[in-house]
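Structure file my_file04.txt (compact mmCIF, C-alpha atoms and all ligand atoms) is printed below.
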```txt
# COMPACT_ATOMS: atom_id res chain seq x y z
CA MET A 1175 -1.73 9.74 -18.97
CA ALA A 1176 -0.82 9.08 -15.34
CA VAL A 1177 0.64 5.76 -14.30
CA GLU A 1178 -1.99 3.56 -12.65
CA ILE A 1179 -0.74 1.64 -9.63
CA PRO A 1180 -2.82 -1.50 -8.96
CA PHE A 1181 -3.37 -0.67 -5.28
CA ARG A 1182 -4.81 -3.35 -3.01
CA ARG A 1183 -6.77 -2.18 -0.01
CA ASP A 1184 -9.19 -5.05 0.72
CA PHE A 1185 -7.89 -6.18 4.05
CA ALA A 1186 -9.75 -8.70 6.22
CA PHE A 1187 -8.42 -9.03 9.76
CA ALA A 1188 -9.34 -8.61 13.44
CA TYR A 1189 -7.10 -6.59 15.79
CA GLY A 1190 -5.33 -8.61 18.43
CA ARG A 1191 -5.89 -12.02 16.81
CA LEU A 1192 -3.19 -14.24 15.42
CA GLU A 1193 -4.76 -15.43 12.17
CA THR A 1194 -3.58 -17.88 9.52
CA VAL A 1195 -3.12 -16.07 6.18
CA ALA A 1196 -1.33 -18.81 4.20
CA ALA A 1197 0.01 -22.29 4.89
CA GLY A 1198 2.55 -21.91 7.70
CA VAL A 1199 2.09 -18.13 7.86
CA ARG A 1200 0.11 -16.30 10.54
CA ARG A 1201 -0.37 -12.56 11.12
CA ILE A 1202 -1.53 -10.35 13.97
CA VAL A 1203 -2.29 -6.67 13.32
CA ALA A 1204 -1.38 -4.04 15.95
CA ARG A 1205 -3.85 -1.30 16.75
CA ASN A 1206 -1.71 1.56 15.41
CA PRO A 1207 -3.62 2.70 12.30
CA SER A 1208 -2.46 5.99 10.70
CA PRO A 1209 -1.99 7.62 7.28
CA PHE A 1210 1.43 5.87 7.19
CA THR A 1211 0.59 2.44 8.65
CA PHE A 1212 -2.80 1.77 6.98
CA LYS A 1213 -4.75 -0.41 9.49
CA GLY A 1214 -1.66 -0.99 11.60
CA THR A 1215 1.51 -3.09 11.72
CA GLY A 1216 1.12 -6.71 10.57
CA THR A 1217 3.41 -8.94 12.61
CA TYR A 1218 4.03 -12.27 10.86
CA VAL A 1219 4.66 -15.66 12.43
CA VAL A 1220 6.27 -18.30 10.21
CA GLY A 1221 6.30 -22.01 11.07
CA ALA A 1222 4.56 -24.03 13.77
CA GLY A 1223 5.89 -25.15 17.13
CA ASP A 1224 9.27 -23.45 16.77
CA VAL A 1225 8.48 -20.19 14.99
CA ALA A 1226 10.02 -17.02 13.59
CA VAL A 1227 8.41 -13.61 14.15
CA ILE A 1228 8.85 -10.87 11.52
CA ASP A 1229 8.50 -7.24 12.61
CA PRO A 1230 7.33 -7.47 16.24
CA GLY A 1231 5.76 -4.03 15.84
CA PRO A 1232 5.34 -0.81 17.82
CA ASP A 1233 5.88 -0.42 21.54
CA LEU A 1234 2.29 -1.40 22.39
CA ALA A 1235 1.97 -3.75 25.38
CA GLU A 1236 -1.42 -5.11 24.24
CA HIS A 1237 0.07 -6.12 20.88
CA VAL A 1238 2.96 -8.07 22.39
CA ALA A 1239 0.63 -9.67 24.96
CA ALA A 1240 -1.80 -10.76 22.22
CA LEU A 1241 1.06 -12.17 20.11
CA ILE A 1242 2.44 -14.16 23.05
CA ALA A 1243 -1.04 -15.41 24.00
CA GLY A 1244 -1.59 -16.49 20.38
CA LEU A 1245 1.63 -18.51 20.54
CA ALA A 1246 0.81 -20.39 23.77
CA GLY A 1247 2.55 -23.78 23.72
CA GLU A 1248 4.94 -22.71 20.93
CA ARG A 1249 8.46 -21.32 21.05
CA VAL A 1250 9.76 -18.21 19.30
CA THR A 1251 13.24 -19.08 18.01
CA HIS A 1252 13.97 -16.05 15.79
CA ILE A 1253 12.90 -12.39 15.78
CA LEU A 1254 13.44 -10.85 12.32
CA VAL A 1255 13.25 -7.08 11.75
CA THR A 1256 12.84 -5.55 8.29
CA HIS A 1257 13.94 -2.07 9.40
CA THR A 1258 14.19 0.31 12.33
CA HIS A 1259 11.04 2.40 12.16
CA ARG A 1260 8.99 2.80 15.31
CA ASP A 1261 6.06 0.82 13.93
CA HIS A 1262 8.30 -2.20 13.20
CA SER A 1263 11.14 -2.87 15.66
CA PRO A 1264 10.47 -1.50 19.20
CA ALA A 1265 8.40 -4.51 20.35
CA ALA A 1266 11.45 -6.72 19.71
CA ARG A 1267 12.64 -5.80 23.18
CA ALA A 1268 9.51 -7.01 25.02
CA LEU A 1269 9.24 -10.08 22.79
CA GLN A 1270 12.85 -10.97 23.48
CA GLN A 1271 12.37 -10.47 27.21
CA ALA A 1272 9.42 -12.86 27.09
CA THR A 1273 10.97 -15.51 24.82
CA GLY A 1274 14.77 -15.18 24.93
CA ALA A 1275 14.87 -15.41 21.12
CA PRO A 1276 17.73 -13.61 19.31
CA THR A 1277 16.98 -10.67 17.00
CA PHE A 1278 18.12 -10.48 13.36
CA GLY A 1279 18.46 -7.35 11.22
CA PHE A 1280 20.75 -5.32 8.99
CA GLY A 1281 21.93 -2.99 11.74
CA PRO A 1282 20.94 -0.02 13.92
CA HIS A 1283 19.03 2.98 12.64
CA ARG A 1284 21.06 5.39 10.54
CA GLY A 1285 19.02 8.53 9.83
CA GLY A 1286 21.69 10.90 11.06
CA ARG A 1287 21.95 11.07 14.84
CA ARG A 1288 19.31 10.85 17.55
CA GLY A 1289 17.93 14.28 18.46
CA GLU A 1290 19.77 16.02 15.62
CA PRO A 1291 17.59 18.67 13.96
CA GLY A 1292 16.40 17.66 10.52
CA THR A 1293 16.58 13.93 11.13
CA GLU A 1294 13.41 11.97 10.68
CA GLU A 1295 11.09 11.33 13.60
CA GLY A 1296 9.99 7.78 13.00
CA GLY A 1297 13.30 6.04 13.70
CA ASP A 1298 13.81 3.46 16.47
CA TRP A 1299 17.27 4.41 17.73
CA ASP A 1300 17.35 1.68 20.37
CA PHE A 1301 17.18 -1.47 18.25
CA VAL A 1302 20.49 -3.29 17.76
CA PRO A 1303 20.20 -6.77 16.21
CA ASP A 1304 21.91 -9.67 17.96
CA VAL A 1305 22.71 -11.17 14.57
CA VAL A 1306 23.65 -8.87 11.67
CA LEU A 1307 22.37 -9.97 8.26
CA ARG A 1308 23.73 -8.98 4.87
CA ASP A 1309 22.25 -9.44 1.41
CA GLY A 1310 21.87 -13.13 0.58
CA ASP A 1311 22.42 -14.40 4.13
CA ARG A 1312 20.36 -17.45 5.11
CA VAL A 1313 18.51 -17.96 8.37
CA ASP A 1314 17.51 -21.54 9.09
CA GLY A 1315 14.76 -22.60 11.44
CA SER A 1316 12.44 -25.48 12.02
CA GLY A 1317 10.84 -26.22 8.66
CA TRP A 1318 11.77 -22.95 6.97
CA ARG A 1319 14.78 -21.15 5.52
CA PHE A 1320 14.82 -17.40 5.01
CA GLU A 1321 17.01 -15.46 2.64
CA ALA A 1322 17.74 -11.83 3.54
CA VAL A 1323 17.31 -9.42 0.62
CA HIS A 1324 18.88 -6.01 1.28
CA THR A 1325 16.53 -3.39 -0.14
CA PRO A 1326 17.73 0.08 0.90
CA GLY A 1327 15.64 3.12 -0.03
CA HIS A 1328 12.79 3.45 2.47
CA THR A 1329 15.59 3.16 5.04
CA SER A 1330 19.24 2.30 4.45
CA ASN A 1331 18.93 -0.81 6.63
CA HIS A 1332 15.79 -2.27 5.04
CA LEU A 1333 15.67 -6.04 4.51
CA CYS A 1334 13.02 -8.15 2.83
CA PHE A 1335 12.84 -11.78 3.90
CA ALA A 1336 12.27 -14.43 1.24
CA LEU A 1337 11.17 -18.04 1.63
CA PRO A 1338 12.63 -19.11 -1.74
CA ASP A 1339 11.11 -22.60 -1.65
CA ARG A 1340 7.64 -21.07 -1.38
CA GLY A 1341 8.02 -18.04 -3.66
CA ILE A 1342 7.11 -15.82 -0.71
CA LEU A 1343 8.74 -12.46 0.02
CA PHE A 1344 7.99 -10.56 3.23
CA SER A 1345 8.46 -7.13 1.70
CA GLY A 1346 8.31 -4.89 4.81
CA ASP A 1347 7.74 -1.27 3.79
CA HIS A 1348 9.73 -1.59 0.55
CA VAL A 1349 6.74 -2.73 -1.50
CA MET A 1350 3.22 -2.40 -0.11
CA GLY A 1351 -0.10 -3.02 -1.80
CA TRP A 1352 -2.09 -0.22 -0.18
CA SER A 1353 0.29 2.70 -0.81
CA THR A 1354 3.60 3.86 -2.18
CA SER A 1355 6.52 3.84 0.28
CA VAL A 1356 7.70 6.97 2.08
CA ILE A 1357 11.20 7.90 0.90
CA ALA A 1358 12.32 10.57 3.37
CA PRO A 1359 15.89 11.88 3.53
CA PRO A 1360 18.32 11.71 5.22
CA ASP A 1361 17.94 7.94 5.64
CA GLY A 1362 15.50 7.52 2.76
CA ASP A 1363 17.26 7.47 -0.62
CA MET A 1364 15.39 7.62 -3.93
CA GLY A 1365 18.23 6.28 -6.07
CA ALA A 1366 18.72 3.33 -3.70
CA TYR A 1367 14.95 2.73 -3.60
CA LEU A 1368 14.67 2.50 -7.38
CA ALA A 1369 17.68 0.16 -7.51
CA SER A 1370 16.01 -1.99 -4.83
CA LEU A 1371 12.82 -2.14 -6.92
CA ASP A 1372 14.90 -3.23 -9.93
CA LYS A 1373 16.50 -5.87 -7.75
CA LEU A 1374 13.09 -7.43 -7.03
CA LEU A 1375 12.33 -7.59 -10.76
CA GLY A 1376 15.28 -9.96 -11.07
CA ARG A 1377 13.77 -12.38 -8.53
CA ARG A 1378 11.12 -15.04 -8.88
CA ASP A 1379 8.96 -14.40 -5.83
CA THR A 1380 5.29 -14.99 -6.61
CA VAL A 1381 3.62 -13.33 -3.63
CA TYR A 1382 4.64 -10.47 -1.34
CA TRP A 1383 3.44 -10.09 2.23
CA PRO A 1384 4.06 -6.44 3.24
CA THR A 1385 4.07 -5.34 6.89
CA HIS A 1386 1.04 -3.12 6.23
CA GLY A 1387 -2.05 -4.26 4.36
CA PRO A 1388 -2.88 -7.27 2.20
CA ALA A 1389 -0.69 -9.60 0.14
CA ILE A 1390 0.37 -8.69 -3.40
CA ASP A 1391 -0.16 -11.65 -5.71
CA ALA A 1392 1.05 -10.12 -8.99
CA PRO A 1393 4.20 -8.57 -7.51
CA GLN A 1394 6.17 -7.90 -10.69
CA ARG A 1395 3.34 -5.87 -12.19
CA HIS A 1396 3.12 -3.95 -8.94
CA VAL A 1397 6.87 -3.24 -8.79
CA ARG A 1398 6.93 -2.10 -12.42
CA ALA A 1399 4.06 0.29 -11.70
CA PHE A 1400 5.95 1.76 -8.73
CA ILE A 1401 9.04 2.31 -10.89
CA ALA A 1402 6.95 3.98 -13.62
CA HIS A 1403 5.20 6.12 -10.99
CA ARG A 1404 8.51 7.42 -9.63
CA ARG A 1405 9.86 8.10 -13.11
CA GLU A 1406 6.69 10.03 -13.87
CA ARG A 1407 7.05 12.00 -10.62
CA GLU A 1408 10.68 12.74 -11.46
CA ALA A 1409 9.66 14.05 -14.89
CA GLY A 1410 7.04 16.29 -13.22
CA ILE A 1411 9.63 17.67 -10.81
CA LEU A 1412 12.07 18.34 -13.66
CA ASP A 1413 9.32 20.11 -15.54
CA CYS A 1414 8.60 22.34 -12.52
CA VAL A 1415 12.28 23.12 -11.99
CA SER A 1416 12.79 23.98 -15.66
CA ARG A 1417 9.85 26.41 -15.46
CA GLY A 1418 11.38 28.20 -12.48
CA VAL A 1419 9.28 26.46 -9.80
CA GLY A 1420 12.30 25.59 -7.71
CA GLN A 1421 11.06 25.30 -4.13
CA ILE A 1422 9.74 22.05 -2.72
CA ASP A 1423 6.50 23.47 -1.25
CA ALA A 1424 5.56 24.99 -4.61
CA ILE A 1425 6.42 21.75 -6.44
CA VAL A 1426 4.18 19.76 -4.07
CA ASP A 1427 1.31 22.21 -4.67
CA ARG A 1428 1.65 21.70 -8.42
CA LEU A 1429 2.15 17.96 -8.55
CA TYR A 1430 0.06 16.56 -5.69
CA VAL A 1431 -3.44 17.74 -6.55
CA GLY A 1432 -6.06 16.85 -3.93
CA LEU A 1433 -3.49 15.74 -1.35
CA GLN A 1434 -4.69 15.34 2.26
CA PRO A 1435 -3.08 18.17 4.30
CA ALA A 1436 -1.73 15.55 6.75
CA LEU A 1437 0.38 14.12 3.94
CA HIS A 1438 1.84 17.41 2.67
CA GLY A 1439 5.02 17.01 4.71
CA ALA A 1440 5.57 13.45 3.47
CA ALA A 1441 5.06 14.58 -0.13
CA GLY A 1442 7.65 17.32 0.42
CA ARG A 1443 10.16 14.80 1.74
CA SER A 1444 9.53 12.59 -1.28
CA VAL A 1445 10.13 15.51 -3.68
CA HIS A 1446 13.25 16.32 -1.66
CA ALA A 1447 14.45 12.71 -2.13
CA HIS A 1448 13.95 13.04 -5.90
CA LEU A 1449 15.83 16.36 -5.97
CA ILE A 1450 18.78 14.94 -4.01
CA ASP A 1451 18.90 12.09 -6.54
CA LEU A 1452 18.72 14.55 -9.47
CA VAL A 1453 21.46 16.73 -7.97
CA GLY A 1454 23.59 13.62 -7.46
CA ARG A 1455 23.12 12.72 -11.12
CA GLY A 1456 24.12 16.23 -12.24
CA ILE A 1457 20.71 17.04 -13.75
CA VAL A 1458 19.61 19.65 -11.19
CA GLU A 1459 21.59 22.00 -8.98
CA SER A 1460 20.76 23.87 -5.80
CA ASP A 1461 21.83 27.06 -4.05
CA GLY A 1462 24.08 25.54 -1.41
CA PRO A 1463 23.29 22.13 0.07
CA ALA A 1464 20.25 20.26 -1.29
CA THR A 1465 17.99 20.99 1.68
CA LEU A 1466 14.22 20.78 2.18
CA ASP A 1467 13.91 24.59 1.88
CA GLY A 1468 16.53 24.98 -0.85
CA LEU A 1469 16.10 26.55 -4.28
CA TYR A 1470 16.58 24.20 -7.24
CA ARG A 1471 17.23 24.87 -10.93
CA PRO A 1472 18.33 22.90 -13.97
CA ALA A 1473 22.07 22.21 -13.94
CA ARG A 1474 24.12 24.29 -16.35
CA ARG A 1475 25.96 21.90 -18.61
ZN ZN A 1501 9.02 2.10 7.69
```
What does this structure look like when you write it as structure tokens?
Ligand SMILES: [Zn+2]
Amino acid sequence: MAVEIPFRRDFAFAYGRLETVAAGVRRIVARNPSPFTFKGTGTYVVGAGDVAVIDPGPDLAEHVAALIAGLAGERVTHILVTHTHRDHSPAARALQQATGAPTFGFGPHRGGRRGEPGTEEGGDWDFVPDVVLRDGDRVDGSGWRFEAVHTPGHTSNHLCFALPDRGILFSGDHVMGWSTSVIAPPDGDMGAYLASLDKLLGRRDTVYWPTHGPAIDAPQRHVRAFIAHRREREAGILDCVSRGVGQIDAIVDRLYVGLQPALHGAAGRSVHAHLIDLVGRGIVESDGPATLDGLYRPARR
């Protein structure tokens, strides 16, 4: 019996409009829909008057212009970035040029090196935060206080931002309602991702606002389903490997029935992330380095 994830895909919004989604929380959705971004990037504004912006979004001039127009008469005091993917951080530059606000984040992108073959394509190699945040760091503004929650896995530099007084967690791409997260090596790390899901189970947040799609209002149930889903996927991969199906393409064909062709590559990277984790735990071994086109088999013990 497959794990059922309680996906949430009802999403009411209008592109280009800064809309109130909860008390003191507004959101504007960028027009960059895709199989990885759902309807597009949701840029959040927290506070009123002096405000923080979370995930300015992709390098889309109309998005930044609409955000700034929506904030007429207000002042952006903080620009917070959950992680350095191209649908999240590039607009920080234009927003900072327009407002002078400092940027906050864990650090620059770390998926290998820019231009190196085999490194992921979606990284924003240009973003460098003005203020570096570590797990548990506080960021104080006018009427709000954020706590940074380091949640590596989707990327090594992923942060969620909590408003502990309100039970709100801005969960970035770590936990989304509409889809599972892409865990793509080299920067994506399955073991770190599962540990970061466990970390959220130890918190008391009551609602998550992901960067893509609608809010998650039963977050613990959602996180537990994601953990169960990955454990189930891992068991499926181990089953394949133990039957001699040791190449990632073949494993994807077996395990992802009915997959859209556009998502085949992402599924392969996810299987790769599981295999790297399994090799690291001594359960599986590979011929040579644990690459995307490697051959995997059960470890001899
Ligand atoms: Zn991302």
Using all atoms listed in the file, find each protein or nucleic acid residue lying at most 10 Å from ligand ZN 1501 (chain A); present the set as a list of chain:residue names. A:Phe1210, A:Thr1211, A:Thr1215, A:Thr1256, A:His1257, A:Thr1258, A:His1259, A:Arg1260, A:Asp1261, A:His1262, A:Ser1263, A:Gly1296, A:Gly1297, A:His1328, A:Thr1329, A:His1332, A:Gly1346, A:Asp1347, A:His1348, A:Ser1355, A:Val1356, A:Ile1357, A:Gly1362, A:Thr1385, A:His1386
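Distances here use all atoms listed in the file; by that measure, the residue among A:Thr1251, A:Ser1460, A:Thr1380, A:Thr1277 closest to Val1415 of chain A is A:Ser1460.
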Could you work out how far atom CA of Gly1341 of chain A lies from atom CA of Arg1395 of chain A, giving the answer in Å with one decimal?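 Interatomic distance here is 15.6 Å.
Shortest atom-to-atom contact with Ala1226 of chain A among A:Gln1271, A:Gly1285, A:Phe1320, A:Leu1192: A:Phe1320, counting all atoms listed in the file.
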Identify the residues around (19.9, 20.0, -5.0) within a radius of 10 Å, measuring from all atoms listed in the file in the coordinates stated by the file, and give them as a list in words. Gly1420, His1446, Ala1447, His1448, Leu1449, Ile1450, Asp1451, Leu1452, Val1453, Gly1454, Gly1456, Ile1457, Val1458, Glu1459, Ser1460, Asp1461, Gly1462, Pro1463, Ala1464, Thr1465, Leu1466, Gly1468, Leu1469, Tyr1470, Arg1471, Pro1472 and Ala1473 of chain A
Suppose you want the space between atom CA of Leu1307 of chain A and atom CA of Val1238 of chain A; what is it in Å?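 Result for atom CA of Leu1307 of chain A versus atom CA of Val1238 of chain A: 24.1 Å, one decimal.
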Considering all atoms listed in the file, can you say which of A:Ile1202, A:Ile1411, A:Ala1240, A:Met1364 comes closest to Gly1214 of chain A?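 Of all the options, A:Ile1202 lies closest to Gly1214 of chain A.
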Restricting the calculation to only C-alpha atoms: of A:Pro1303, A:Gly1365, A:Pro1230, A:Pro1384, which residue gets closest to Glu1408 of chain A?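 Closest to Glu1408 of chain A, using only C-alpha atoms: A:Gly1365.
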For the atom pair atom CA of Arg1205 of chain A and atom CA of Leu1234 of chain A, what is the interatomic distance in Å to one decimal place? 8.3 Å
Nearest to Leu1269 of chain A among A:His1283, A:His1237, A:Arg1288, A:Arg1443, with distances taken over all atoms listed in the file: which residue is it?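 Under the stated criterion, the closest residue is A:His1237.
Between Asp1309 of chain A and the candidates A:Ser1370, A:Phe1212, A:Arg1183, A:Ser1353, the tightest atom-to-atom separation, counting only C-alpha atoms, involves A:Ser1370.
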Which residues are close to Cys1334 of chain A, i.e. within 6 Å by all atoms listed in the file, leaving aside same-chain residues fewer than 4 positions away? Reply as a PyMOL selection string. chain A and resi 1323+1344-1345
